[in-house]
Amino acid sequence: MLRDITLGQYYPVDSVLHRLDPRTKLFGTMVFIISLFVANNIWAYLVATVFLAAAIRFSHVPFRFMIRGLKAIVFLLLISVSFNLFLTQGEVIFKLGFLKITKEGIRVAGFMGIRLMYLVIGSSIMTLTTTPNSLTDGLEKSLGFLNKIRVPVHEISMMMSIALRFIPILVEETDKIMKAQMARGADFETGNLIQRAKNMIPLLVPLFISAFRRATDLAMAMEARCYRGGEGRTKMKPLHYGKRDYLTYFIYVLYMAVIIVLRF
Amino acid sequence: MAIKVEHLNYIYGQGTAFEQHALKDINLEIKDGEFIGLIGHTGSGKSTLIQHLNGLIKATDGAIYYNGKNIYDADFKMRSLRNQVGLVFQYPEHQLFEIDVFTDVCFGPKNQGLSKEEIEARAKEALTMVGLDESFYKQSPFELSGGQKRRVAIAGVLAMEPEVLILDEPTAGLDPKGRDEILDQIERLHNEKKMTIILVSHSMEDIARYVDRILVMNHGEKVYDDVPKEVFKHYKKLEAIGLAAPQITYVVHTLRDHGVPINDEITTVEEARDEILRLLKK
């Protein structure tokens, strides 16, 4: 059940998308997110759908793998869609007590739902096709200019890559501790809310302890290898753009232009 | 007949890029009171197999019978199975969480719904079995040494009084002294309590001295299932799958290759010593 968390999980297959420079993918995700907020009619969303579908197709990652990320936001999705549905003012088409659905409400709620889902799927494509390491490499390089105003870009991206790196490890660890406690008769599935929260203690205490242990071990291992931060540090695999990256950027420009044109 | 496994298959992440056939058509029978060593290289499927035995993982295909009852039947009580088949995970000290040793050991029996007196009696007995006296009861489990922590964790499972005890690499990361103590205590449980024991390890050295029967796993398949001396005869094949027979097996075989008429069914240093002395006296 815990394996369902896809955020920050790399899917190891070979595809065009996998081979793109991480910066291209980062920028593309950003373009896609902005385009979702620029788009304001059905045609623009249709174009966005085609763009997303093409990206999914080219990524060679099974579609249901991407959908899994949506499970995590089902609750958020429900809340925002229903708020928009019931609380938007306008032409009333259905009324039940104090709840009313308006024409505008349906429209806004529909777009909101699509926006949120596309947001998650879009960013899932990036994390599924990019290893956490190259992702943070890309971020570091893209944000390198911030160094000039004394933002510790390297340190931040190092923290990010460590955090991402530890997600699957901690998930696995949780799974292991859960099983170990279940073998001792622990029950994580039944009882009321308070009971359940209490039942989590045998899971959370060992998990925290192990997270801290891993953190100190890692810090020690890094220091033992003379890690001192970003200054003067070189890369084993420096990033550089290839032909396919330029082509992808060209597609982005085209895509964004179409979205903007469709807005007016 | 305590446990019977029939045509067990397990596939991790079926239908994804992570798909892995972890267990392939495993058949085995474990009788009451046996002391079994389960051995295999990292990733051979041994941990996966034992998690099936108390129902923590559900097989993709196949059946497991506990005392004749299929554990995958709808009306089978998984909870009672977990009470009867105790499983001590690898690095069990990582599951400790209570404020003191005694309370932590009480966790298992408490979940079984026993009375307070019964819980405490069992916890005391379990802690005595693993060689921890009352001076430890009120200590925080996190302040103990590695070996002591592990014994607390093992006591936590023993306190549930299982009929079958499965230990996954109980000696991993311990020094030789800690290792011998743990293994001796496990042997005592087997001899005195008549517990069925399955000891998972990748060290033949550890296993050879204690167990009656060895199961060898490789790439999710059961390769050998026999008494130690028979299994060690295949020491060359064992090497090929990343395992090794105990060192003494090599000594014996080298001696035989040099024409010494030594019995090649020897598995422990003590037996070899007696055999060599016998040969010298001739």
# chains A, B, ... in the order shown; residues from 1 in each chain; ligands from 1

call {"tool": "residues_around", "arguments": {"residues": "stretch 13-18 of chain A", "least_positions_apart": "4", "cutoff": "9 Å", "atoms": "only C-alpha atoms", "output": "ChimeraX atom specification"}}
result
/A:22,25,55,58-61,125-126,128-131,244 /B:17

call {"tool": "closest_atom_pairs", "arguments": {"of": "chain B", "to": "chain A", "cutoff": "6 Å", "atoms": "only C-alpha atoms", "output": "CSV"}}
result
residue,atom,partner,partner_atom,distance
B:Arg82,CA,A:Ala183,CA,5.9
B:Gln95,CA,A:Pro206,CA,5.6
B:Phe97,CA,A:Val205,CA,5.6
B:Gly108,CA,A:Arg184,CA,4.8
B:Asn111,CA,A:Gly185,CA,5.3

call {"tool": "write_last_selection", "arguments": {"atoms": "C-alpha atoms", "output": "short mmCIF file (atom, residue, chain, number, x, y, z; two decimals), in the first residue's frame"}}
result
data_model
loop_
_atom_site.label_atom_id
_atom_site.label_comp_id
_atom_site.auth_asym_id
_atom_site.auth_seq_id
_atom_site.Cartn_x
_atom_site.Cartn_y
_atom_site.Cartn_z
CA ARG B 82 0.77 -14.47 13.96
CA GLN B 95 11.31 -1.89 16.20
CA PHE B 97 9.69 1.98 20.92
CA GLY B 108 3.16 -8.46 22.05
CA ASN B 111 -1.96 -7.29 21.87
#

call {"tool": "residues_around", "arguments": {"residues": "stretch 173-175 of chain B", "least_positions_apart": "6", "cutoff": "12 Å", "atoms": "only C-alpha atoms", "output": "NGL selection string"}}
result
:B and (90-93 or 145-151 or 181-183)

call {"tool": "select_by_dssp", "arguments": {"residues": "stretch 15-238 of chain A", "states": "helix (DSSP H, G or I)", "output": "PyMOL selection string"}}
result
chain A and resi 16-19+22-38+42-59+63-71+74-87+103-129+132-142+144-149+153-183+193-199+201-224

call {"tool": "closest_residue", "arguments": {"among": "B:Thr249, B:Thr60, B:Asn54, B:Ser80", "to": "B:Leu23", "atoms": "only C-alpha atoms"}}
result
B:Thr60

call {"tool": "select_by_dssp", "arguments": {"residues": "stretch 15-73 of chain B", "states": "strand (DSSP E or B)", "output": "number ranges by chain"}}
result
B: 20-30, 35-40, 61-66, 69-70

call {"tool": "residues_around", "arguments": {"residues": "stretch 84-87 of chain A", "least_positions_apart": "4", "cutoff": "12 Å", "atoms": "only C-alpha atoms", "output": "mmCIF file with N, CA and C atoms, in the first residue's frame"}}
result
data_model
loop_
_atom_site.group_PDB
_atom_site.id
_atom_site.type_symbol
_atom_site.label_atom_id
_atom_site.label_comp_id
_atom_site.auth_asym_id
_atom_site.auth_seq_id
_atom_site.Cartn_x
_atom_site.Cartn_y
_atom_site.Cartn_z
ATOM 1 N N LEU A 77 -8.849 17.745 -4.156
ATOM 2 C CA LEU A 77 -9.596 17.923 -5.392
ATOM 3 C C LEU A 77 -11.079 18.064 -5.077
ATOM 4 N N LEU A 78 -11.589 17.164 -4.233
ATOM 5 C CA LEU A 78 -12.999 17.173 -3.871
ATOM 6 C C LEU A 78 -13.383 18.495 -3.234
ATOM 7 N N ILE A 79 -12.551 18.945 -2.281
ATOM 8 C CA ILE A 79 -12.865 20.182 -1.568
ATOM 9 C C ILE A 79 -12.907 21.358 -2.527
ATOM 10 N N SER A 80 -11.851 21.502 -3.332
ATOM 11 C CA SER A 80 -11.796 22.707 -4.172
ATOM 12 C C SER A 80 -12.882 22.669 -5.243
ATOM 13 N N GLU A 91 -25.802 32.561 -12.535
ATOM 14 C CA GLU A 91 -27.098 32.077 -12.984
ATOM 15 C C GLU A 91 -27.388 30.716 -12.340
ATOM 16 N N VAL A 92 -28.429 30.700 -11.473
ATOM 17 C CA VAL A 92 -28.718 29.470 -10.733
ATOM 18 C C VAL A 92 -29.431 28.466 -11.634
ATOM 19 N N ILE A 93 -28.923 27.224 -11.627
ATOM 20 C CA ILE A 93 -29.626 26.213 -12.411
ATOM 21 C C ILE A 93 -30.124 25.070 -11.539
ATOM 22 N N PHE A 94 -29.671 25.033 -10.285
ATOM 23 C CA PHE A 94 -30.129 23.970 -9.392
ATOM 24 C C PHE A 94 -30.027 24.475 -7.964
ATOM 25 N N LYS A 95 -31.042 24.202 -7.145
ATOM 26 C CA LYS A 95 -31.014 24.741 -5.785
ATOM 27 C C LYS A 95 -31.531 23.710 -4.806
ATOM 28 N N LEU A 96 -30.787 23.519 -3.695
ATOM 29 C CA LEU A 96 -31.229 22.583 -2.658
ATOM 30 C C LEU A 96 -30.867 23.215 -1.322
ATOM 31 N N GLY A 97 -31.897 23.766 -0.632
ATOM 32 C CA GLY A 97 -31.638 24.471 0.616
ATOM 33 C C GLY A 97 -30.735 25.655 0.360
ATOM 34 N N PHE A 98 -29.654 25.754 1.141
ATOM 35 C CA PHE A 98 -28.746 26.887 0.934
ATOM 36 C C PHE A 98 -27.715 26.592 -0.155
ATOM 37 N N LEU A 99 -27.690 25.355 -0.628
ATOM 38 C CA LEU A 99 -26.735 25.009 -1.684
ATOM 39 C C LEU A 99 -27.320 25.344 -3.039
ATOM 40 N N LYS A 100 -26.530 25.997 -3.859
ATOM 41 C CA LYS A 100 -27.011 26.239 -5.204
ATOM 42 C C LYS A 100 -25.873 26.041 -6.211
ATOM 43 N N ILE A 101 -26.223 25.473 -7.325
ATOM 44 C CA ILE A 101 -25.228 25.288 -8.381
ATOM 45 C C ILE A 101 -25.518 26.281 -9.485
ATOM 46 N N THR A 102 -24.484 27.017 -9.879
ATOM 47 C CA THR A 102 -24.682 27.992 -10.948
ATOM 48 C C THR A 102 -23.935 27.546 -12.190
ATOM 49 N N LYS A 103 -24.311 28.115 -13.287
ATOM 50 C CA LYS A 103 -23.668 27.813 -14.563
ATOM 51 C C LYS A 103 -22.166 28.124 -14.466
ATOM 52 N N GLU A 104 -21.887 29.312 -13.905
ATOM 53 C CA GLU A 104 -20.495 29.722 -13.760
ATOM 54 C C GLU A 104 -19.753 28.773 -12.830
ATOM 55 N N GLY A 105 -20.467 28.315 -11.788
ATOM 56 C CA GLY A 105 -19.870 27.392 -10.815
ATOM 57 C C GLY A 105 -19.392 26.118 -11.482
ATOM 58 N N ILE A 106 -20.230 25.548 -12.325
ATOM 59 C CA ILE A 106 -19.861 24.301 -13.014
ATOM 60 C C ILE A 106 -18.603 24.522 -13.834
ATOM 61 N N ARG A 107 -18.591 25.672 -14.532
ATOM 62 C CA ARG A 107 -17.467 26.005 -15.397
ATOM 63 C C ARG A 107 -16.166 26.119 -14.584
ATOM 64 N N VAL A 108 -16.238 26.936 -13.528
ATOM 65 C CA VAL A 108 -15.039 27.163 -12.712
ATOM 66 C C VAL A 108 -14.579 25.855 -12.057
ATOM 67 N N ALA A 109 -15.541 25.105 -11.533
ATOM 68 C CA ALA A 109 -15.186 23.865 -10.848
ATOM 69 C C ALA A 109 -14.548 22.871 -11.810
ATOM 70 N N GLY A 110 -15.118 22.814 -13.018
ATOM 71 C CA GLY A 110 -14.582 21.897 -14.017
ATOM 72 C C GLY A 110 -13.144 22.255 -14.362
ATOM 73 N N PHE A 111 -12.900 23.525 -14.630
ATOM 74 C CA PHE A 111 -11.547 23.953 -14.978
ATOM 75 C C PHE A 111 -10.591 23.732 -13.816
ATOM 76 N N MET A 112 -11.101 24.032 -12.602
ATOM 77 C CA MET A 112 -10.272 23.857 -11.412
ATOM 78 C C MET A 112 -9.839 22.399 -11.257
ATOM 79 N N GLY A 113 -10.795 21.498 -11.450
ATOM 80 C CA GLY A 113 -10.500 20.059 -11.334
ATOM 81 C C GLY A 113 -9.456 19.640 -12.349
#

call {"tool": "residues_around", "arguments": {"residues": "B:Asn263", "least_positions_apart": "3", "cutoff": "9 Å", "atoms": "only C-alpha atoms", "output": "JSON, numbers by chain"}}
result
{"B": [252, 256, 266, 272, 275]}

call {"tool": "atom_distance", "arguments": {"atom1": "atom CA of B:Phe142", "atom2": "atom CA of A:Phe212"}}
result
13.1 Å

call {"tool": "atom_distance", "arguments": {"atom1": "atom CA of A:Met200", "atom2": "atom CA of B:Phe136"}}
result
25.7 Å

call {"tool": "residues_around", "arguments": {"residues": "A:Phe75", "least_positions_apart": "6", "cutoff": "12 Å", "atoms": "only C-alpha atoms", "output": "ChimeraX atom specification"}}
result
/A:81-82,113,116

call {"tool": "write_last_selection", "arguments": {"atoms": "N, CA and C atoms", "output": "mmCIF file, in the first residue's frame"}}
result
data_model
loop_
_atom_site.group_PDB
_atom_site.id
_atom_site.type_symbol
_atom_site.label_atom_id
_atom_site.label_comp_id
_atom_site.auth_asym_id
_atom_site.auth_seq_id
_atom_site.Cartn_x
_atom_site.Cartn_y
_atom_site.Cartn_z
ATOM 1 N N VAL A 81 -13.142 21.488 -5.785
ATOM 2 C CA VAL A 81 -14.186 21.409 -6.807
ATOM 3 C C VAL A 81 -15.547 21.721 -6.194
ATOM 4 N N SER A 82 -15.851 21.147 -5.020
ATOM 5 C CA SER A 82 -17.185 21.385 -4.474
ATOM 6 C C SER A 82 -17.346 22.826 -3.996
ATOM 7 N N GLY A 113 -10.795 21.498 -11.450
ATOM 8 C CA GLY A 113 -10.500 20.059 -11.334
ATOM 9 C C GLY A 113 -9.456 19.640 -12.349
ATOM 10 N N LEU A 116 -5.959 21.064 -11.490
ATOM 11 C CA LEU A 116 -5.263 20.357 -10.412
ATOM 12 C C LEU A 116 -4.738 19.005 -10.873
#
